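> Just dropping this structure here.
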Amino acid sequence: MSCLVLRLATSRLPGPSIPLLRQAVLGIQGVAGCWGALALHKAHLGPLALDPLNACWIMLWTLTLITCRRHVGPIGETLGGLGLLCHDAALALFCFLLCLAEAAHQKNRAKNEQPFQNWRLGLLAPAGCLLAILPDFPALSFLAPAAGLATLPAFAEMPLLAYALFVPPLIQEQSAFWPVALILLGSGLCLFQRVERTLEYWPVLLLGLMLCARENGLADTALAGGEAMILALALQGLDSRNSVFQTPLPPLAGFLPFWLGLHVINGLSSLSPAWTAGAVILSLLLGLLMVRGWLAIWRHFTQAVIVHDHRLLTTVTAGLCLSICPGLLLGILHDTALDLAGAGPDVWRAWPIWSVAGGDGCFWYPALVFLIPALIAPAFVTYLPP
């Protein structure tokens, strides 16, 4: 928790000491997230808690702050981290609102950014009121996921904050409504949004697939779905100007969530003949989303590599790590993935350094798939004309 206090102190220091202190605090925050994600230490301090799920949000938030353009200042970064550690949803939303206010102020002041669209804030008031009264009315707890989902449009630039609000109550629900609703909602949003925003709500669809596998007792399949959602959220944290690694094309990191999602669908198709038609439709849907994802990244490709950007090296390093060895991130967050999947520790076999399991008996070898084009490409480059 002390690293968050240090973050507030860095906002008042002048000169070049701010970047150095900010990097040090982000490093401490990342180490604390790793410590909590590996279940080495669980801490509770008043309304704050550090457990594997909260540590996962902290790690992904740190990755976003390191690699992405800063939508918020030091105070917003601190409040976002504090909100991710709050186990009370209403208090977390209050911290996120202050973070969102700073982000909107900075975005409206920027000359090269589109102004913040006020219509996206329309659902925040009812969502906040609902989250505030739910602890006093346990009978209405089934509305908690809806309240968290209503905040997603407002936190479009920082979607991790919205997922931290509605994922915990979702994994506590024992009903078939939310898995199906999330699949339909995620599919509709991905298909009918503009092409540039195709992958914006892609984790919602993966979350629905994971919950379907969880509700039907497919532990391995649900674990693959949880890993796919974590990877999709990590990729969303990368700077959109350097989004080439988000392309759903092997050997890039953006392909693995689609591969895992497809094998989650294959696992669901083995449940009963009633799932066969649905699995075929969902498989075709994933193929269509991949094509739209290619088009979206292609439209951003001219701005994908910005040489003068000081965060280019960090973003490329994170993208390469997620492409070559996503098992490093999945291994650190394996307790979170098991909690999301509702699986026991016996389902976890080993760190997926070399291979990633699809949950239906298939495996993906990211390092090998990345190595083959890396060895072949120089042979073609040498024969290119000047």
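Quick note on naming: the chains in the structure tokens go A, B, ... in the order shown, residues restart at 1 in each chain, and ligands are numbered from 1 in order of appearance.
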Could you pull the residues within 12 Å of Trp275 (chain A), counting only C-alpha atoms, minus those fewer than 5 positions along the same chain, as a compact mmCIF listing (two decimals) with all heavy atoms, in the first residue's frame?


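Everything below was put into around30.txt:
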```txt
# COMPACT_ATOMS: atom_id res chain seq x y z
N CYS A 212 -19.65 -19.86 -19.08
CA CYS A 212 -20.40 -21.02 -19.58
C CYS A 212 -19.69 -22.32 -19.23
O CYS A 212 -20.31 -23.29 -18.77
CB CYS A 212 -20.59 -20.91 -21.09
SG CYS A 212 -22.01 -19.95 -21.60
N ALA A 213 -18.37 -22.35 -19.48
CA ALA A 213 -17.60 -23.55 -19.15
C ALA A 213 -17.59 -23.78 -17.64
O ALA A 213 -17.66 -24.93 -17.17
CB ALA A 213 -16.19 -23.41 -19.69
N ASN A 216 -20.85 -25.29 -16.40
CA ASN A 216 -21.05 -26.68 -16.83
C ASN A 216 -19.99 -27.64 -16.32
O ASN A 216 -19.93 -28.79 -16.75
CB ASN A 216 -21.10 -26.74 -18.36
CG ASN A 216 -22.37 -26.14 -18.93
OD1 ASN A 216 -23.41 -26.78 -18.97
ND2 ASN A 216 -22.29 -24.89 -19.37
N ILE A 265 -14.79 -22.90 -27.11
CA ILE A 265 -16.02 -23.26 -27.84
C ILE A 265 -16.01 -24.74 -28.18
O ILE A 265 -17.05 -25.42 -28.06
CB ILE A 265 -16.14 -22.39 -29.10
CG1 ILE A 265 -16.34 -20.93 -28.71
CG2 ILE A 265 -17.30 -22.85 -29.97
CD1 ILE A 265 -16.29 -19.97 -29.88
N ASN A 266 -14.86 -25.27 -28.60
CA ASN A 266 -14.78 -26.70 -28.88
C ASN A 266 -15.06 -27.53 -27.64
O ASN A 266 -15.73 -28.58 -27.70
CB ASN A 266 -13.39 -27.05 -29.43
CG ASN A 266 -13.17 -26.51 -30.81
OD1 ASN A 266 -14.12 -26.19 -31.53
ND2 ASN A 266 -11.91 -26.39 -31.21
N GLY A 267 -14.56 -27.08 -26.50
CA GLY A 267 -14.86 -27.79 -25.26
C GLY A 267 -16.33 -27.75 -24.91
O GLY A 267 -16.90 -28.75 -24.44
N LEU A 268 -16.97 -26.60 -25.12
CA LEU A 268 -18.41 -26.50 -24.85
C LEU A 268 -19.22 -27.39 -25.79
O LEU A 268 -20.29 -27.90 -25.41
CB LEU A 268 -18.85 -25.05 -24.98
CG LEU A 268 -18.35 -24.09 -23.90
CD1 LEU A 268 -18.70 -22.65 -24.26
CD2 LEU A 268 -18.95 -24.44 -22.54
N SER A 269 -18.75 -27.57 -27.03
CA SER A 269 -19.51 -28.39 -27.99
C SER A 269 -19.57 -29.85 -27.58
O SER A 269 -20.42 -30.59 -28.07
CB SER A 269 -18.88 -28.27 -29.38
OG SER A 269 -17.58 -28.84 -29.39
N SER A 270 -18.66 -30.27 -26.68
CA SER A 270 -18.68 -31.66 -26.24
C SER A 270 -19.68 -31.91 -25.11
O SER A 270 -19.82 -33.06 -24.68
CB SER A 270 -17.28 -32.07 -25.77
OG SER A 270 -16.89 -31.31 -24.63
N VAL A 280 -20.92 -24.04 -33.59
CA VAL A 280 -20.62 -23.69 -34.99
C VAL A 280 -20.83 -22.19 -35.22
O VAL A 280 -20.01 -21.51 -35.85
CB VAL A 280 -21.50 -24.52 -35.95
CG1 VAL A 280 -21.34 -24.01 -37.38
CG2 VAL A 280 -21.12 -25.98 -35.87
N ILE A 281 -21.93 -21.65 -34.69
CA ILE A 281 -22.22 -20.21 -34.85
C ILE A 281 -21.14 -19.37 -34.17
O ILE A 281 -20.65 -18.39 -34.73
CB ILE A 281 -23.61 -19.89 -34.29
CG1 ILE A 281 -24.70 -20.59 -35.13
CG2 ILE A 281 -23.86 -18.39 -34.28
CD1 ILE A 281 -26.08 -20.46 -34.56
N LEU A 282 -20.75 -19.77 -32.96
CA LEU A 282 -19.73 -19.01 -32.24
C LEU A 282 -18.37 -19.11 -32.93
O LEU A 282 -17.60 -18.15 -32.94
CB LEU A 282 -19.63 -19.51 -30.80
CG LEU A 282 -20.80 -19.14 -29.88
CD1 LEU A 282 -20.64 -19.83 -28.53
CD2 LEU A 282 -20.86 -17.63 -29.69
N SER A 283 -18.06 -20.28 -33.52
CA SER A 283 -16.80 -20.42 -34.25
C SER A 283 -16.77 -19.50 -35.46
O SER A 283 -15.76 -18.84 -35.74
CB SER A 283 -16.59 -21.87 -34.67
OG SER A 283 -16.55 -22.73 -33.55
```

> Would you list, as a VMD selection string, the residues of region 263-381 of chain A that end up in helix (DSSP H, G or I) under DSSP run on this structure's backbone?

chain A and resid 263 to 269 274 to 303 312 to 324 327 to 332 334 to 341 345 to 347 366 to 381

> Between A:Ile324, A:Leu284, A:Ala90, A:Ala181, which has the minimum distance to Leu252 (chain A) (counting only C-alpha atoms)?

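Using only C-alpha atoms, Leu252 (chain A) sits closest to A:Ile324.
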
> With a distance cut-off of 7 Å and only C-alpha atoms, select the neighbouring residues of Leu182 (chain A), excluding the residue or stretch itself and same-chain residues fewer than 6 positions from it, and output the selection as JSON, numbers by chain.

{"A": [204, 205, 208]}

> Select, from A:Ser323, A:Thr151, A:Ser272, A:Thr198, the residue with the minimum atom-to-atom distance to Phe255 (chain A), counting only C-alpha atoms.

A:Ser323

> Within 12 Å of region 53-66 of chain A, which residues of region 227-286 of chain A show up? Give each one with its shortest atom-to-atom distance in Å (one decimal) and the two atoms involved, counting only C-alpha atoms, rows by chain then rising residue number, as CSV.


```
residue,atom,partner,partner_atom,distance
A:Glu227,CA,A:Cys56,CA,11.6
A:Met229,CA,A:Leu60,CA,11.8
A:Ile230,CA,A:Leu60,CA,8.6
A:Leu231,CA,A:Leu60,CA,9.6
A:Ala232,CA,A:Leu60,CA,10.6
A:Leu233,CA,A:Leu60,CA,7.5
A:Ala234,CA,A:Leu60,CA,5.9
A:Leu235,CA,A:Thr64,CA,8.9
A:Gln236,CA,A:Thr64,CA,8.1
A:Gly237,CA,A:Thr64,CA,4.4
A:Leu238,CA,A:Thr64,CA,6.1
A:Asp239,CA,A:Thr64,CA,8.0
A:Ser240,CA,A:Thr64,CA,11.0
```

> Pull C-alpha atoms from the residues just selected and write them as a PDB file, in the first residue's frame.


```pdb
ATOM      1  CA  GLU A 227      -6.386 -17.075 -19.440  1.00  0.00           C
ATOM      2  CA  MET A 229      -9.600 -12.932 -20.912  1.00  0.00           C
ATOM      3  CA  ILE A 230      -6.496 -11.991 -18.907  1.00  0.00           C
ATOM      4  CA  LEU A 231      -4.397 -11.845 -22.081  1.00  0.00           C
ATOM      5  CA  ALA A 232      -7.049  -9.784 -23.875  1.00  0.00           C
ATOM      6  CA  LEU A 233      -7.133  -7.273 -21.004  1.00  0.00           C
ATOM      7  CA  ALA A 234      -3.324  -7.117 -20.958  1.00  0.00           C
ATOM      8  CA  LEU A 235      -3.274  -6.405 -24.717  1.00  0.00           C
ATOM      9  CA  GLN A 236      -5.889  -3.689 -24.301  1.00  0.00           C
ATOM     10  CA  GLY A 237      -3.489  -1.945 -21.946  1.00  0.00           C
ATOM     11  CA  LEU A 238      -0.876  -1.537 -24.685  1.00  0.00           C
ATOM     12  CA  ASP A 239      -0.682   1.811 -26.436  1.00  0.00           C
ATOM     13  CA  SER A 240      -3.143   1.898 -29.336  1.00  0.00           C
TER      14      SER A 240
END
```

> Taking 3 positions as the minimum chain separation for residues in the same chain, which residues sit within 9 Å of region 163-177 of chain A when counting only C-alpha atoms? Answer as an MDAnalysis selection string.

chainID A and resid 53:54 57 83:84 89:90 92:93 141:142 144:149 151:152 159:160 180:182 204 207 211:212 215 339:342

> Which residue out of A:Leu333, A:Ala343, A:Val356, A:Leu320 has the minimum interatomic distance to Trp35 (chain A) when only C-alpha atoms are used?

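Closest to Trp35 (chain A) of all the choices is A:Leu333.
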
> Just checking: using only C-alpha atoms, which residue out of A:Cys34, A:Asp136, A:Leu98, A:Ile28 ends up closest to Leu328 (chain A)?

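The shortest atom-to-atom distance to Leu328 (chain A) comes from A:Cys34.
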
> Can you work out the spacing between CA of Pro153 (chain A) and CA of Phe258 (chain A) in Å, to one decimal?

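Spanning CA of Pro153 (chain A) to CA of Phe258 (chain A) is a straight-line distance of 23.1 Å.
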
> Would you mind reading off the distance between CA of Gln193 (chain A) and CA of Ala296 (chain A), one decimal, in Å?

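Value for the CA of Gln193 (chain A)-CA of Ala296 (chain A) distance: 11.2 Å.
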
> I'd like the interatomic distance between CA of Gly33 (chain A) and CA of Gly331 (chain A), to a tenth of an Å.

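Spanning CA of Gly33 (chain A) to CA of Gly331 (chain A) is a straight-line distance of 13.2 Å.
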
> Using only C-alpha atoms for the distances, tell me which of A:Tyr365, A:Leu375, A:Leu288, A:Leu123 is nearest to Pro250 (chain A).

A:Tyr365

> Just checking: using only C-alpha atoms, which residue out of A:Pro251, A:Gly278, A:Pro52, A:Gly46 ends up closest to Ala337 (chain A)?

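When distances to Ala337 (chain A) are compared using only C-alpha atoms, the smallest one comes from A:Pro52.
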
> Which neighbours of Cys362 (chain A) fall inside 12 Å, counting only C-alpha atoms, when residues of the same chain fewer than 5 positions from it are skipped, and could you give them as JSON, numbers by chain?

{"A": [220, 221, 224, 259, 260, 262, 263, 264, 266, 267, 355, 356, 357]}
